[in-house]
Each structure stands twice: as C-alpha cells, then as structure tokens.
Amino acid sequence: PVQAVIFDLDGVITDTAEYHYEAWKVLAEELSIPFTREFNEELKGISRMESLEKILVLGGKAHGFTEEQKNALADKKNEHYLTLIQNITPADVLPGINEFIAEIEAQGLKIGLASASKNAIAVLESLGLKDKFHVIVDAKTVHRGKPDPEIFLKAARLLEVEPGACIGVEDAAAGVEAIKGAGMFAVAIGAKELFAHADLVYESTDELSLEAILPLVR
Ligand code: G6P
Ligand code: MG
C-alpha cells in the first residue's frame, strides 16, 4: 500500500516555474540568445548551472565563457529570481494543493519534498508549508540531479518508506523520469503529450485527488 507522497516544488506546489522561466529569459536575451517556452520545458527540474549550460549551447556559446563568468551569469539569474519570489505568500499555493495535502494527512501518509532548487526551503517557508513536510531533500543534499532518481530515492529512504510505496508528483519531464527510475508511481502535472512515461497526467493541480490515485497504484 502507498505510504508516502513526494512532491516536486517549482510548478507543482507553487508557480515558481514561471519565475525561473522569466529570470532565464531575461538572462538569455541579454546574451542575445533567443529563448522560448518550448525550450524552457527542457530546463524544468534541471539544476541552475546545468540550465545555464543548456542555454549557452542553444546560443552556440558553449565555449565562450570561463567558469568564473558562468558562475557570475548563474548568480545574476538567481538574483533576479530572488526578487521575483520575495513577495510569495500562502495565497500563492497552487489550486488544490492544500486540499491534496489535507487528504494525504487524513490518510496518515508521509509527505516529502524532492526539489532541485537551492531556494526550496525559503519558498516553502514563504508559502507557510514547510512544517507539512516530514522530509525535505533539495539540491544542496544530493550529488546527481534529475533525471537521476537519487533525489527521490533519498527522500524515500529518509521517510523510511520503500520506493514502491511512494507516489511522486512532478511538472518536469526530467522529474517524471527520476520518479520512474526510482520505481515510484509518477503523477505528472501539465500537457498530456509532454509526459509519455507518467502513470497519470493531470492538466492542473486542482485535479489532484488521492482517492482517485490510490486504486491505480499497483
Ligand atoms: C527546479 C526548477 C528548475 C531550476 C532548479 C534550480 O528544479 O524546476 O527550473 O533551475 O530548480 O533552482 P535554483 O533555485 O537552485 O536555481
Ligand atoms: Mg518542477
């Protein structure tokens, strides 16, 4: 039986995926690199430095910068991102998430976070949700980023739950791949065509229903 639900943060619990997009877009345009929403899908769930590398490759500038310059560019993106998230409040929790969490708590299941963001704890605090999580695993505590399953496996281990007894919730293709690699049931949020490998896809967080998901898990 299912014993835990492990959430991604950005784009699942709150709409910070949109702020990451905006901050990368501004940086890319400063570098004269055209940046689209379609390309941005490839950055979801991917670490800050890996995202920058992908943008530089997109612009044909993969070799144009020293490590120091790349660090400065990544810092610049993060500074912009920090200004965008500074006004986050509990009102910014995405629709249906509080109800879904309440359902998970009512069933006595554990709740974990598996986020590739170094800003994850600050965002959860601004949302007033940090105390809901029994375990928080973020980019500061894992070696390999999504799509590697490490972050979800670590969350399950810290929750003391078998991966097969976990549901993972993600809005990123790399994240769904990580959940499946970990041997968990994958719920994706977004357009169906983006998530061929998910076990279940909801277009929006307000469709999340533990009652509907549980019978589908093995
Ligand atoms: C999340 C987002 C990515 C972001 C990454 C790193 O996974 O989906 O878009 O690049 O976190 O976030 P950070 O806040 O550490 O730059
Ligand atoms: Mg995400």
# chains A, B, ... in the order shown; residues from 1 in each chain; ligands from 1
>>> residues_around(residues="segment 160-167 of chain A", least_positions_apart="2", cutoff="8 Å", atoms="only C-alpha atoms", output="list in words")
Pro1, Val2, Gln3, Ala4, Val5, Ile6, Leu153, Ala156, Arg157, Leu158, Val169, Ala182, Gly183, Met184, Phe185, Ala186 and Val187 of chain A
>>> residues_around(residues="Asp138 of chain A", least_positions_apart="5", cutoff="9 Å", atoms="only C-alpha atoms", output="count of residues only")
10
>>> select_by_dssp(residues="segment 40-211 of chain A", states="strand (DSSP E)", output="number ranges by chain")
A: 110-114, 135-137, 166-170, 185-189, 200-202
>>> residues_near_ligand(ligand="ligand 1", cutoff="9 Å", atoms="only C-alpha atoms and all ligand atoms", output="ChimeraX atom specification")
/A:8-11,16-21,24,40-52,74-75,77-78,81-82,114-120,138-140,145-146,171-172,175
>>> select_by_dssp(residues="segment 97-206 of chain A", states="alpha helix (DSSP H)", output="PyMOL selection string")
chain A and resi 97-106+120-127+150-159+173-181
>>> write_last_selection(atoms="C-alpha atoms", output="PDB file, in the first residue's frame")
ATOM      1  CA  ILE A  97      -2.563  21.600  -3.293  1.00  0.00           C
ATOM      2  CA  ASN A  98      -3.722  22.431   0.239  1.00  0.00           C
ATOM      3  CA  GLU A  99      -6.705  20.108  -0.208  1.00  0.00           C
ATOM      4  CA  PHE A 100      -4.463  17.344  -1.599  1.00  0.00           C
ATOM      5  CA  ILE A 101      -2.087  17.699   1.350  1.00  0.00           C
ATOM      6  CA  ALA A 102      -5.042  17.550   3.744  1.00  0.00           C
ATOM      7  CA  GLU A 103      -6.187  14.332   2.040  1.00  0.00           C
ATOM      8  CA  ILE A 104      -2.692  12.826   2.405  1.00  0.00           C
ATOM      9  CA  GLU A 105      -2.600  13.763   6.087  1.00  0.00           C
ATOM     10  CA  ALA A 106      -6.093  12.344   6.660  1.00  0.00           C
ATOM     11  CA  ALA A 120      13.364  25.349  -1.957  1.00  0.00           C
ATOM     12  CA  ILE A 121      13.271  25.836   1.815  1.00  0.00           C
ATOM     13  CA  ALA A 122      12.868  29.618   1.514  1.00  0.00           C
ATOM     14  CA  VAL A 123       9.953  29.162  -0.907  1.00  0.00           C
ATOM     15  CA  LEU A 124       8.244  26.583   1.348  1.00  0.00           C
ATOM     16  CA  GLU A 125       8.624  28.967   4.292  1.00  0.00           C
ATOM     17  CA  SER A 126       7.063  31.849   2.334  1.00  0.00           C
ATOM     18  CA  LEU A 127       4.154  29.565   1.428  1.00  0.00           C
ATOM     19  CA  GLU A 150      18.801   9.857  -6.444  1.00  0.00           C
ATOM     20  CA  ILE A 151      16.734  12.740  -5.052  1.00  0.00           C
ATOM     21  CA  PHE A 152      13.501  10.701  -4.897  1.00  0.00           C
ATOM     22  CA  LEU A 153      15.287   7.625  -3.526  1.00  0.00           C
ATOM     23  CA  LYS A 154      16.885   9.724  -0.812  1.00  0.00           C
ATOM     24  CA  ALA A 155      13.527  11.228   0.160  1.00  0.00           C
ATOM     25  CA  ALA A 156      12.008   7.716   0.409  1.00  0.00           C
ATOM     26  CA  ARG A 157      14.935   6.462   2.476  1.00  0.00           C
ATOM     27  CA  LEU A 158      14.678   9.393   4.899  1.00  0.00           C
ATOM     28  CA  LEU A 159      10.911   8.823   5.145  1.00  0.00           C
ATOM     29  CA  ALA A 173       9.911  15.610 -17.908  1.00  0.00           C
ATOM     30  CA  ALA A 174      13.253  15.129 -16.102  1.00  0.00           C
ATOM     31  CA  GLY A 175      11.352  14.793 -12.833  1.00  0.00           C
ATOM     32  CA  VAL A 176       8.955  12.129 -14.126  1.00  0.00           C
ATOM     33  CA  GLU A 177      11.965  10.209 -15.433  1.00  0.00           C
ATOM     34  CA  ALA A 178      13.554  10.430 -11.967  1.00  0.00           C
ATOM     35  CA  ILE A 179      10.356   9.177 -10.273  1.00  0.00           C
ATOM     36  CA  LYS A 180      10.072   6.236 -12.674  1.00  0.00           C
ATOM     37  CA  GLY A 181      13.803   5.480 -12.280  1.00  0.00           C
TER      38      GLY A 181
END
>>> closest_residue(among="A:Glu29, A:Asp199, A:Glu67, A:Glu170", to="ligand 2", atoms="only C-alpha atoms and all ligand atoms")
A:Glu170
>>> closest_residue(among="A:Ile189, A:Ala91, A:Val137, A:Leu200", to="ligand 2", atoms="only C-alpha atoms and all ligand atoms")
A:Ile189
>>> residues_around(residues="Ala62 of chain A", least_positions_apart="4", cutoff="7 Å", atoms="only C-alpha atoms", output="list of chain:residue names")
A:Glu53, A:Leu56, A:Val57
>>> closest_residue(among="A:His63, A:Ala196, A:Gly168, A:Glu79", to="ligand 2", atoms="only C-alpha atoms and all ligand atoms")
A:Gly168
>>> atom_distance(atom1="atom CA of Val26 of chain A", atom2="atom CA of Asp92 of chain A")
22.7 Å
